[in-house]
>>> print(open('upload15.cif').read())   # mmCIF, C-alpha atoms and all ligand atoms
data_start
loop_
_atom_site.label_atom_id
_atom_site.label_comp_id
_atom_site.auth_asym_id
_atom_site.auth_seq_id
_atom_site.Cartn_x
_atom_site.Cartn_y
_atom_site.Cartn_z
CA MET A 1 214.66 72.53 -24.97
CA LYS A 2 216.94 71.84 -22.07
CA LYS A 3 216.99 75.54 -21.29
CA ILE A 4 213.19 75.68 -21.15
CA ILE A 5 213.07 72.69 -18.83
CA THR A 6 215.73 74.25 -16.63
CA SER A 7 213.87 77.52 -16.39
CA LEU A 8 210.58 75.73 -15.75
CA LEU A 9 212.31 73.85 -12.95
CA PHE A 10 213.63 77.15 -11.68
CA PHE A 11 210.13 78.62 -11.54
CA SER A 12 208.68 75.63 -9.74
CA VAL A 13 211.56 75.81 -7.27
CA ALA A 14 210.99 79.52 -6.77
CA PHE A 15 207.28 78.83 -6.32
CA ALA A 16 207.85 76.09 -3.77
CA MET A 17 210.15 78.31 -1.80
CA SER A 18 208.29 81.58 -1.74
CA GLN A 19 204.83 80.25 -0.88
CA THR A 20 203.48 79.53 2.54
CA ASP A 21 201.65 76.23 2.91
CA SER A 22 197.94 77.01 3.26
CA ARG A 23 197.40 73.68 5.02
CA LEU A 24 199.19 75.11 8.05
CA TYR A 25 196.61 77.90 8.30
CA ASP A 26 193.86 75.26 8.10
CA ILE A 27 195.55 73.36 10.93
CA ILE A 28 195.67 76.48 13.12
CA GLU A 29 191.94 77.05 12.48
CA ALA A 30 191.05 73.43 13.20
CA VAL A 31 192.46 73.40 16.74
CA SER A 32 189.47 73.75 19.09
CA ALA A 33 189.55 75.71 22.35
CA ASP A 34 186.26 74.04 23.34
CA ARG A 35 187.60 70.53 23.00
CA ILE A 36 190.74 71.54 24.92
CA GLU A 37 188.53 73.00 27.66
CA ASN A 38 186.49 69.79 27.91
CA ASP A 39 189.61 67.66 28.07
CA ILE A 40 191.29 69.79 30.74
CA LYS A 41 188.10 69.63 32.82
CA THR A 42 187.91 65.85 32.42
CA LEU A 43 191.55 65.46 33.46
CA ALA A 44 191.15 67.82 36.45
CA ASN A 45 188.06 65.87 37.55
CA PHE A 46 190.10 62.72 38.18
CA GLY A 47 190.83 64.42 41.52
CA THR A 48 194.51 63.63 41.61
CA ARG A 49 196.72 62.25 38.86
CA ASN A 50 199.70 61.75 41.13
CA THR A 51 201.81 58.97 39.60
CA PHE A 52 201.38 56.92 42.80
CA SER A 53 197.63 57.49 43.16
CA ASP A 54 194.82 54.95 42.70
CA THR A 55 194.99 52.81 39.54
CA ILE A 56 191.82 50.75 40.11
CA SER A 57 189.06 53.37 40.37
CA GLU A 58 187.26 54.37 37.17
CA THR A 59 186.76 57.95 38.37
CA ARG A 60 189.76 58.97 40.46
CA GLY A 61 193.53 58.68 40.17
CA ILE A 62 196.17 58.15 37.51
CA GLY A 63 194.82 54.78 36.36
CA ALA A 64 191.47 56.23 35.34
CA ALA A 65 193.24 59.21 33.77
CA ARG A 66 195.53 57.16 31.55
CA ARG A 67 192.75 54.83 30.47
CA TRP A 68 190.70 57.86 29.46
CA ILE A 69 193.65 59.33 27.50
CA LYS A 70 194.17 56.03 25.70
CA ALA A 71 190.44 55.88 24.89
CA GLU A 72 190.62 59.41 23.39
CA PHE A 73 193.57 58.43 21.17
CA ASP A 74 191.70 55.25 20.20
CA LYS A 75 188.64 57.31 19.27
CA THR A 76 190.77 59.61 17.10
CA SER A 77 192.33 56.59 15.47
CA LYS A 78 188.96 55.08 14.69
CA ASN A 79 187.95 58.32 12.95
CA CYS A 80 190.98 58.21 10.66
CA GLY A 81 190.78 54.57 9.61
CA ASN A 82 193.09 53.35 12.40
CA CYS A 83 195.85 55.81 11.51
CA LEU A 84 197.22 55.77 15.07
CA ASN A 85 199.03 52.97 16.82
CA VAL A 86 198.02 53.47 20.47
CA PHE A 87 199.72 51.65 23.33
CA TYR A 88 201.08 51.88 26.88
CA GLN A 89 204.81 52.00 27.49
CA LYS A 90 205.81 51.44 31.10
CA ASP A 91 208.70 51.14 33.51
CA PHE A 92 208.78 50.04 37.12
CA VAL A 93 210.14 52.51 39.68
CA THR A 94 211.03 51.60 43.21
CA LYS A 95 210.95 53.49 46.48
CA GLU A 96 214.46 52.27 47.17
CA GLY A 97 217.03 54.66 45.79
CA ASN A 98 214.48 57.34 44.87
CA ARG A 99 214.00 60.07 47.44
CA ARG A 100 210.73 61.30 45.94
CA VAL A 101 209.09 57.95 45.25
CA PRO A 102 206.65 57.06 48.07
CA LYS A 103 206.10 53.45 46.95
CA ASP A 104 206.98 51.02 44.15
CA ALA A 105 204.80 51.54 41.07
CA TRP A 106 204.57 51.32 37.31
CA VAL A 107 205.15 54.61 35.53
CA VAL A 108 202.91 54.33 32.50
CA ASN A 109 203.07 56.53 29.37
CA VAL A 110 200.31 56.59 26.75
CA ILE A 111 201.66 56.69 23.19
CA ALA A 112 199.91 57.29 19.87
CA ILE A 113 202.01 56.95 16.71
CA GLN A 114 200.84 58.30 13.37
CA LYS A 115 203.06 56.34 10.99
CA GLY A 116 204.84 58.24 8.26
CA THR A 117 204.01 57.17 4.70
CA LYS A 118 207.63 57.25 3.51
CA TYR A 119 209.91 57.34 6.52
CA PRO A 120 208.07 55.55 9.33
CA ASN A 121 211.18 55.28 11.50
CA ARG A 122 211.73 59.05 11.56
CA TYR A 123 209.75 60.71 14.36
CA ILE A 124 208.76 64.14 15.55
CA ILE A 125 207.25 63.99 19.04
CA MET A 126 204.77 66.14 20.97
CA SER A 127 204.45 65.46 24.69
CA GLY A 128 202.33 66.53 27.64
CA ASP A 129 202.21 65.05 31.12
CA ILE A 130 199.54 62.84 32.60
CA ASP A 131 200.56 63.31 36.22
CA SER A 132 199.88 66.06 38.76
CA ARG A 133 200.91 66.81 42.32
CA ALA A 134 199.77 68.50 45.54
CA SER A 135 202.02 70.66 47.77
CA ASP A 136 203.90 67.54 48.87
CA THR A 137 204.98 65.51 45.85
CA MET A 138 204.90 62.32 47.98
CA ASP A 139 201.23 62.91 48.81
CA PHE A 140 199.22 60.79 46.38
CA THR A 141 195.75 61.12 47.95
CA THR A 142 195.08 64.85 48.38
CA ASP A 143 193.26 66.58 45.52
CA ALA A 144 195.68 67.78 42.84
CA PRO A 145 193.62 68.79 39.78
CA GLY A 146 196.74 69.96 37.90
CA ALA A 147 194.55 71.88 35.47
CA ASN A 148 197.43 73.88 34.06
CA ASP A 149 200.30 71.64 35.27
CA ASN A 150 199.90 69.72 33.18
CA ALA A 151 196.39 68.88 31.98
CA SER A 152 196.87 71.81 29.59
CA GLY A 153 199.84 70.17 27.84
CA MET A 154 198.11 66.79 27.85
CA ALA A 155 194.90 68.20 26.38
CA GLY A 156 196.91 70.06 23.73
CA THR A 157 198.61 66.81 22.75
CA ILE A 158 195.30 64.95 22.47
CA GLU A 159 193.87 67.80 20.38
CA ALA A 160 196.89 67.96 18.06
CA ALA A 161 196.39 64.25 17.35
CA ARG A 162 192.74 64.87 16.45
CA VAL A 163 193.63 67.67 14.03
CA LEU A 164 196.72 66.17 12.38
CA SER A 165 195.18 62.71 11.97
CA ASN A 166 193.24 64.25 9.06
CA TYR A 167 196.49 64.59 7.11
CA LYS A 168 199.15 62.24 5.75
CA PHE A 169 202.82 62.81 6.49
CA GLU A 170 206.06 61.38 5.13
CA ASN A 171 207.58 61.18 8.62
CA SER A 172 205.92 59.73 11.73
CA ILE A 173 204.38 61.83 14.49
CA ILE A 174 204.19 60.65 18.09
CA TYR A 175 201.66 62.11 20.51
CA VAL A 176 202.48 61.09 24.05
CA GLY A 177 201.25 61.52 27.60
CA LEU A 178 204.21 61.05 29.93
CA SER A 179 203.95 60.14 33.60
CA GLY A 180 206.17 60.39 36.69
CA GLU A 181 207.26 63.93 35.78
CA GLU A 182 206.85 65.41 39.23
CA GLN A 183 208.96 62.80 41.04
CA GLY A 184 211.96 62.73 38.72
CA LEU A 185 211.12 62.76 34.98
CA PHE A 186 210.63 58.98 35.00
CA GLY A 187 208.23 58.77 32.06
CA GLY A 188 210.48 60.79 29.77
CA GLN A 189 213.48 58.68 30.80
CA GLY A 190 211.48 55.55 30.06
CA LEU A 191 210.37 56.65 26.61
CA ALA A 192 213.76 58.12 25.62
CA THR A 193 215.44 54.83 26.57
CA TYR A 194 212.75 52.86 24.70
CA ALA A 195 213.34 55.06 21.61
CA LYS A 196 217.09 54.49 21.78
CA GLU A 197 216.64 50.73 22.09
CA LYS A 198 214.25 50.67 19.13
CA GLY A 199 216.63 52.73 17.02
CA TRP A 200 214.09 55.49 16.41
CA ASP A 201 215.42 58.34 14.29
CA ILE A 202 214.08 61.27 16.33
CA ILE A 203 213.87 64.70 14.70
CA GLY A 204 213.02 66.19 18.08
CA ILE A 205 210.55 66.43 20.91
CA LEU A 206 208.26 69.38 21.60
CA ASN A 207 207.55 69.05 25.30
CA ASN A 208 204.55 71.01 26.50
CA ASP A 209 204.43 71.73 30.20
CA MET A 210 201.97 74.41 31.33
CA ILE A 211 200.49 76.04 28.23
CA GLY A 212 197.33 77.57 29.69
CA ASN A 213 198.11 80.29 32.23
CA ILE A 214 198.10 83.92 31.08
CA GLU A 215 198.17 85.65 34.48
CA GLY A 216 201.59 85.82 36.09
CA VAL A 217 202.07 85.75 39.86
CA ASP A 218 203.21 89.38 39.45
CA GLY A 219 199.86 90.35 37.92
CA VAL A 220 201.05 90.60 34.31
CA ILE A 221 198.37 89.39 31.93
CA ASP A 222 199.62 88.34 28.49
CA ASN A 223 197.88 85.99 26.09
CA ARG A 224 200.34 86.44 23.22
CA SER A 225 203.77 85.57 24.61
CA PHE A 226 205.16 82.13 25.26
CA ARG A 227 208.57 80.61 25.87
CA ILE A 228 210.70 78.13 23.95
CA PHE A 229 213.44 76.68 26.18
CA SER A 230 216.43 74.91 24.63
CA GLU A 231 219.81 73.85 25.92
CA PRO A 232 222.82 75.37 24.10
CA VAL A 233 224.78 72.24 23.16
CA PRO A 234 224.02 68.52 23.50
CA ALA A 235 224.50 67.07 26.98
CA ASP A 236 226.19 63.99 25.51
CA GLU A 237 228.86 65.82 23.51
CA THR A 238 232.40 64.51 23.70
CA GLU A 239 235.36 66.26 25.26
CA ARG A 240 236.79 66.60 21.78
CA GLN A 241 233.65 68.36 20.51
CA ARG A 242 233.77 70.68 23.49
CA ARG A 243 237.40 71.57 22.81
CA SER A 244 236.90 72.15 19.09
CA ARG A 245 234.04 74.56 19.82
CA ARG A 246 236.58 76.92 21.31
CA PHE A 247 238.15 77.37 17.89
CA TYR A 248 235.21 76.93 15.51
CA GLY A 249 232.23 78.18 17.51
CA GLY A 250 228.88 76.55 18.12
CA GLU A 251 228.32 77.48 21.77
CA VAL A 252 224.73 78.47 21.00
CA ASP A 253 224.10 76.15 18.04
CA GLY A 254 223.29 72.70 19.40
CA ILE A 255 220.56 70.55 17.85
CA SER A 256 217.94 71.57 20.41
CA ARG A 257 218.65 75.25 19.75
CA GLN A 258 218.12 74.67 16.01
CA LEU A 259 214.77 73.05 16.81
CA ALA A 260 213.88 76.06 18.99
CA ARG A 261 214.77 78.47 16.15
CA TYR A 262 212.70 76.42 13.71
CA VAL A 263 209.63 76.68 15.94
CA HIS A 264 210.23 80.39 16.51
CA LYS A 265 210.46 81.10 12.78
CA LYS A 266 207.41 79.00 11.91
CA VAL A 267 205.33 80.88 14.48
CA LYS A 268 206.56 84.28 13.25
CA THR A 269 205.53 83.27 9.73
CA TYR A 270 202.16 81.63 10.35
CA MET A 271 200.98 83.14 13.66
CA PRO A 272 202.35 86.69 13.55
CA GLU A 273 200.03 87.76 16.37
CA MET A 274 202.03 85.61 18.78
CA ASN A 275 205.21 86.58 20.58
CA PRO A 276 207.50 83.56 20.84
CA MET A 277 210.44 84.07 23.22
CA LEU A 278 213.58 82.04 22.57
CA ILE A 279 215.02 81.33 26.02
CA TYR A 280 218.64 80.30 25.92
CA ARG A 281 218.51 77.73 28.70
CA LEU A 282 217.57 74.10 29.19
CA ASP A 283 214.60 75.02 31.34
CA ARG A 284 213.53 77.51 34.01
CA PHE A 285 216.28 78.34 36.53
CA GLY A 286 217.13 75.15 38.40
CA ARG A 287 213.87 73.45 37.38
CA GLY A 288 213.10 70.51 35.15
CA GLY A 289 210.85 69.14 32.45
CA HIS A 290 210.32 66.08 30.31
CA HIS A 291 212.39 67.19 27.31
CA ARG A 292 215.52 66.80 29.44
CA PRO A 293 215.71 62.98 29.48
CA PHE A 294 215.61 63.12 25.67
CA ASN A 295 218.40 65.71 25.66
CA ASP A 296 220.37 63.46 28.02
CA LEU A 297 220.38 60.71 25.40
CA GLY A 298 221.43 63.06 22.59
CA PHE A 299 218.01 63.84 21.07
CA ALA A 300 216.90 67.37 20.17
CA GLY A 301 214.19 68.59 22.52
CA ILE A 302 212.62 71.84 23.67
CA ARG A 303 210.11 72.99 26.25
CA ILE A 304 207.15 75.06 25.08
CA MET A 305 205.28 76.91 27.82
CA GLU A 306 203.48 80.05 28.95
CA ALA A 307 205.51 83.23 29.45
CA HIS A 308 204.15 84.17 32.88
CA GLU A 309 203.92 81.51 35.57
CA ASN A 310 201.66 81.71 38.58
CA TYR A 311 203.33 79.94 41.51
CA ASN A 312 200.19 80.19 43.65
CA ARG A 313 198.57 77.89 41.13
CA GLN A 314 201.21 75.20 40.74
CA HIS A 315 202.27 72.43 43.11
CA GLN A 316 199.83 73.78 45.74
CA ASP A 317 197.10 72.16 47.85
CA ILE A 318 193.78 73.87 47.15
CA ARG A 319 193.25 76.36 49.99
CA GLU A 320 192.89 80.03 50.90
CA GLU A 321 195.43 81.81 53.10
CA ASN A 322 195.46 85.52 53.95
CA GLY A 323 193.02 86.15 51.13
CA ILE A 324 195.19 84.40 48.53
CA LYS A 325 193.75 81.44 46.66
CA TYR A 326 196.11 78.55 46.08
CA GLY A 327 195.72 75.51 43.85
CA ASP A 328 195.98 74.48 40.20
CA VAL A 329 192.28 74.70 39.46
CA ILE A 330 190.36 75.05 36.21
CA GLU A 331 189.71 78.78 36.79
CA GLY A 332 193.41 79.44 36.24
CA VAL A 333 193.41 78.15 32.68
CA ASN A 334 192.76 80.27 29.59
CA PHE A 335 191.52 77.89 26.91
CA ALA A 336 191.93 80.29 23.98
CA TYR A 337 195.60 80.63 24.91
CA ALA A 338 196.02 76.85 25.29
CA LYS A 339 194.52 76.58 21.81
CA LYS A 340 197.13 79.00 20.44
CA LEU A 341 200.02 77.07 21.95
CA THR A 342 198.53 73.80 20.72
CA ALA A 343 198.41 75.31 17.23
CA VAL A 344 202.08 76.31 17.64
CA ASN A 345 202.86 72.63 18.17
CA ALA A 346 200.57 71.40 15.42
CA ILE A 347 202.07 73.55 12.64
CA ASN A 348 205.59 72.59 13.65
CA LEU A 349 204.75 68.89 13.90
CA ALA A 350 203.15 69.06 10.45
CA SER A 351 205.92 71.01 8.85
CA LEU A 352 208.66 68.76 10.27
CA ALA A 353 206.66 65.65 9.37
CA TRP A 354 206.41 66.97 5.79
CA SER A 355 210.09 67.94 5.62
CA PRO A 356 213.00 65.97 4.15
CA SER A 357 215.88 64.78 6.29
CA PRO A 358 218.73 67.27 6.83
CA PRO A 359 221.99 67.18 4.89
CA LYS A 360 224.63 64.88 6.38
CA GLU A 361 228.26 65.44 7.27
CA VAL A 362 228.11 69.19 6.75
CA GLU A 363 231.62 70.65 6.56
CA ILE A 364 232.79 74.25 6.44
CA GLY A 365 235.97 75.77 5.06
CA GLY A 366 237.49 79.10 4.15
CA ILE A 367 240.18 79.79 6.75
CA VAL A 368 242.31 82.75 5.54
CA GLU A 369 240.29 82.87 2.34
CA PRO A 370 237.98 85.62 1.06
CA SER A 371 234.92 83.35 0.81
CA VAL A 372 233.36 80.72 3.04
CA LYS A 373 232.75 77.32 1.43
CA PHE A 374 230.74 74.23 2.30
CA ARG A 375 230.38 70.61 1.37
CA TRP A 376 227.92 68.00 2.55
CA LYS A 377 226.30 64.66 1.76
CA LYS A 378 222.82 64.67 0.30
CA SER A 379 219.72 63.86 2.24
CA ASP A 380 218.69 60.33 1.18
CA ASP A 381 215.08 61.45 0.63
CA SER A 382 213.55 61.40 -2.84
CA ASN A 383 211.44 64.55 -2.46
CA VAL A 384 214.35 67.01 -2.21
CA VAL A 385 214.57 70.11 -4.38
CA GLY A 386 217.87 71.35 -2.98
CA TYR A 387 219.72 72.94 -0.10
CA LYS A 388 219.66 76.29 1.63
CA ILE A 389 222.59 77.94 3.34
CA TYR A 390 221.73 80.11 6.34
CA TRP A 391 223.91 82.60 8.13
CA ARG A 392 223.71 85.25 10.82
CA ASP A 393 225.80 87.69 12.81
CA THR A 394 227.60 85.94 15.66
CA THR A 395 225.52 87.98 18.12
CA ALA A 396 222.15 87.34 16.47
CA PRO A 397 219.75 84.85 18.07
CA GLN A 398 217.91 83.93 14.86
CA TRP A 399 219.15 83.09 11.34
CA GLN A 400 219.18 86.34 9.34
CA HIS A 401 220.24 85.48 5.80
CA SER A 402 219.70 82.54 3.52
CA ARG A 403 220.47 81.46 0.01
CA PHE A 404 218.93 78.56 -1.88
CA VAL A 405 221.80 76.91 -3.78
CA GLY A 406 220.04 74.09 -5.63
CA ASP A 407 220.57 70.35 -5.58
CA VAL A 408 224.34 70.39 -5.09
CA THR A 409 226.76 69.06 -2.47
CA GLU A 410 229.17 71.95 -2.26
CA PHE A 411 228.99 75.70 -2.50
CA THR A 412 231.06 78.85 -1.99
CA LEU A 413 229.45 82.04 -0.75
CA ASN A 414 231.51 84.61 -2.62
CA GLY A 415 232.69 87.53 -0.54
CA ILE A 416 231.31 86.24 2.76
CA VAL A 417 234.12 85.82 5.28
CA ILE A 418 233.93 82.76 7.52
CA ASP A 419 235.06 84.67 10.64
CA ASN A 420 232.19 87.11 10.81
CA TYR A 421 229.08 84.89 10.82
CA TYR A 422 227.69 81.57 11.94
CA PHE A 423 226.46 79.24 9.19
CA GLY A 424 224.12 76.30 8.78
CA ILE A 425 222.50 74.26 6.00
CA ALA A 426 218.98 72.86 5.59
CA THR A 427 217.40 70.53 3.03
CA VAL A 428 214.42 71.92 1.10
CA GLY A 429 211.62 69.57 0.06
CA LYS A 430 209.66 69.75 -3.18
CA ASN A 431 206.67 70.82 -1.08
CA GLY A 432 208.66 73.80 0.25
CA HIS A 433 209.10 72.41 3.75
CA GLU A 434 212.61 72.52 5.18
CA SER A 435 214.55 70.27 7.50
CA LEU A 436 216.13 71.52 10.69
CA ILE A 437 219.30 73.53 10.04
CA VAL A 438 222.56 71.66 10.53
CA PHE A 439 225.51 73.50 12.06
CA PRO A 440 228.77 72.27 10.46
CA ALA A 441 230.53 69.72 12.65
CA LYS A 442 233.74 69.48 10.62
CA THR A 443 236.15 71.75 8.78
CA PHE A 444 238.04 71.34 5.52
CA ARG A 445 240.76 73.22 3.67
ZN ZN A 501 204.89 70.47 37.80
#
>>> encode(input="upload15.cif", output="structure tokens", more="lines below")
Ligand SMILES: [Zn+2]
Amino acid sequence: MKKIITSLLFFSVAFAMSQTDSRLYDIIEAVSADRIENDIKTLANFGTRNTFSDTISETRGIGAARRWIKAEFDKTSKNCGNCLNVFYQKDFVTKEGNRRVPKDAWVVNVIAIQKGTKYPNRYIIMSGDIDSRASDTMDFTTDAPGANDNASGMAGTIEAARVLSNYKFENSIIYVGLSGEEQGLFGGQGLATYAKEKGWDIIGILNNDMIGNIEGVDGVIDNRSFRIFSEPVPADETERQRRSRRFYGGEVDGISRQLARYVHKKVKTYMPEMNPMLIYRLDRFGRGGHHRPFNDLGFAGIRIMEAHENYNRQHQDIREENGIKYGDVIEGVNFAYAKKLTAVNAINLASLAWSPSPPKEVEIGGIVEPSVKFRWKKSDDSNVVGYKIYWRDTTAPQWQHSRFVGDVTEFTLNGIVIDNYYFGIATVGKNGHESLIVFPAKTFR
């Protein structure tokens, strides 16, 4: 009898692990390019959304824009039986001490939290930006429609909330519009600090900044490729961690990189028509985005964005010079592409919100031994079916091999030598969804 039960369990495990989750295909289908188009147009029509622009007008400036965003989240919440907790989170920034702040003002983020049914304090976050800028970032009156930078990311975030609010998740999802990006990442700093103070357990942040342009400044047109930026190792690592990396590896295996690989793999599985590009850097060369303040405080975070930027259409006053049109206007946005990148976010939010927590205290051993071995502490979730060991060549960007090892806390991979690969371990849920992969932080003999 026991044998039958064991083999039945084996088959259900095998089933859970080999199947794709059809709900993710439904989610991709449900994302609407039309709604994204409408929302980008609405945001662009606020004239300017500079963080220091008008807050009183109902039709122009950042005040009107954030009230509209909040109203959209509220509408979504009403349609799902109040499944979203929608609120403003704000911090005061001053002109004094900030070179790019033209006057004292509140930097206001709009937050919508879809509470997890089992682990409400564990969060996966999707962000876009509310604010826009003209050629001069201190200029808060000139028109700055910011249709692509970053009404596209904001509209994607609003749309993801609409789609995912039709589902229930074990973990919480946060949809957020951040402000003050263009003058120094103030909104992201504010929310990351708020999260730290509240003790939020953050799985990661998917920061969307410019997800609608398919025509590069060099003329390349590409509606399939997009970039996933991630820093190599956490910015808050200790000197001791840095030193031990020299002997044990991990230079390209920080928590943000694991999040980036997760997104890459999910897209390859569910949206094979897309071409996700893992970019091994924090952000574009010398430039910034709102995932960084989260990275600064030790949270995993990545930037998702178009592959080909058009510099004539970002951070530019609307004008024509020598036959070249400048300005971040609605004509520069491809809504079908913004829909695709929104779907990229939505399936990863869903899958991470359905996934168990990762294994804890993952240790690796096998120095001068023929086989690599591992031990770890179990995820404290109840919906776990077991653990999966991943490995890859030291030169490979993506995990290449994996082995499901069951509901155990130690395992030896016979015949696999520790020196020749990098390794990581993920938790597998009963629903087939997996946690982020954990790179071992300790060794044992
Ligand atoms: Zn920008």
>>> residues_near_ligand(input="upload15.cif", ligand="ligand ZN 501 (chain A)", cutoff="8 Å", atoms="only C-alpha atoms and all ligand atoms", output="JSON, numbers by chain")
{"A": [132, 133, 149, 150, 181, 182, 209, 314, 315]}
>>> atom_distance(input="upload15.cif", atom1="CA of Ser77 in chain A", atom2="CA of Ser165 in chain A")
7.6 Å
>>> residues_around(input="upload15.cif", residues="Ala105 in chain A", least_positions_apart="3", cutoff="9 Å", atoms="all atoms listed in the file", output="MDAnalysis selection string")
chainID A and resid 51:52 91:95 101
>>> closest_atom_pairs(input="upload15.cif", of="range 343-416 of chain A", to="range 106-114 of chain A", cutoff="12 Å", atoms="all atoms listed in the file", output="tab-separated table")
residue	atom	partner	partner_atom	distance
A:Leu349	CA	A:Gln114	CA	11.3
A:Ala350	CA	A:Gln114	CA	11.4
A:Ala353	CA	A:Gln114	CA	10.2
>>> closest_residue(input="upload15.cif", among="A:Arg162, A:Lys196, A:Arg313, A:Lys115", to="Ile36 in chain A", atoms="only C-alpha atoms")
A:Arg162
>>> residues_near_point(input="upload15.cif", point="(204.1, 81.0, 20.4)", cutoff="6 Å", atoms="only C-alpha atoms", output="PDB file with C-alpha atoms, in the frame of the given file")
ATOM      1  CA  PHE A 226     205.160  82.130  25.260  1.00  0.00           C
ATOM      2  CA  MET A 274     202.030  85.610  18.780  1.00  0.00           C
ATOM      3  CA  ASN A 275     205.210  86.580  20.580  1.00  0.00           C
ATOM      4  CA  PRO A 276     207.500  83.560  20.840  1.00  0.00           C
ATOM      5  CA  LEU A 341     200.020  77.070  21.950  1.00  0.00           C
ATOM      6  CA  VAL A 344     202.080  76.310  17.640  1.00  0.00           C
TER       7      VAL A 344
END
>>> atom_distance(input="upload15.cif", atom1="CA of Asp253 in chain A", atom2="CA of Leu164 in chain A")
29.7 Å
>>> closest_residue(input="upload15.cif", among="A:Met210, A:Ile40, A:Cys80, A:Leu352", to="Ile173 in chain A", atoms="all atoms listed in the file")
A:Leu352
>>> atom_distance(input="upload15.cif", atom1="CA of Asp317 in chain A", atom2="CA of Arg49 in chain A")
13.4 Å
>>> residues_around(input="upload15.cif", residues="Leu191 in chain A", least_positions_apart="5", cutoff="12 Å", atoms="all atoms listed in the file", output="ChimeraX atom specification")
/A:88-91,107-111,125,127,174-180,185-186,196-198,200,202,205,290-294,297,299
>>> residues_near_point(input="upload15.cif", point="(198.0, 56.1, 33.4)", cutoff="7 Å", atoms="only C-alpha atoms", output="PyMOL selection string")
chain A and resi 62-67+108-109+130
>>> write_last_selection(input="upload15.cif", atoms="C-alpha atoms", output="CSV table (one decimal), in the frame of the given file")
chain,number,residue,atom,x,y,z
A,62,ILE,CA,196.2,58.2,37.5
A,63,GLY,CA,194.8,54.8,36.4
A,64,ALA,CA,191.5,56.2,35.3
A,65,ALA,CA,193.2,59.2,33.8
A,66,ARG,CA,195.5,57.2,31.6
A,67,ARG,CA,192.8,54.8,30.5
A,108,VAL,CA,202.9,54.3,32.5
A,109,ASN,CA,203.1,56.5,29.4
A,130,ILE,CA,199.5,62.8,32.6
>>> closest_residue(input="upload15.cif", among="A:Arg243, A:Lys103, A:His401, A:Lys339", to="Arg35 in chain A", atoms="only C-alpha atoms")
A:Lys339
>>> axis_aligned_box(input="upload15.cif", around="range 268-279 of chain A", padding_each_side="6 Å", output="JSON")
{"center_x": 207.5, "center_y": 84.5, "center_z": 17.9, "size_x": 27.0, "size_y": 18.4, "size_z": 28.3}
>>> residues_around(input="upload15.cif", residues="Arg245 in chain A", least_positions_apart="2", cutoff="12 Å", atoms="only C-alpha atoms", output="NGL selection string")
:A and (233 or 237-243 or 247-254 or 439-443)
>>> closest_residue(input="upload15.cif", among="A:Ala71, A:Leu436, A:Ala235, A:Met271", to="Ser379 in chain A", atoms="all atoms listed in the file")
A:Leu436
>>> residues_around(input="upload15.cif", residues="range 212-223 of chain A", least_positions_apart="5", cutoff="6 Å", atoms="all atoms listed in the file", output="count of residues only")
9
>>> residues_around(input="upload15.cif", residues="Glu434 in chain A", least_positions_apart="2", cutoff="12 Å", atoms="all atoms listed in the file", output="PyMOL selection string")
chain A and resi 16-17+20-21+259+262-263+265-266+348+350-359+379+383-390+404+425-432+436-438
>>> closest_residue(input="upload15.cif", among="A:Gly199, A:Gly406, A:Gly327, A:Gly424", to="Thr142 in chain A", atoms="all atoms listed in the file")
A:Gly327
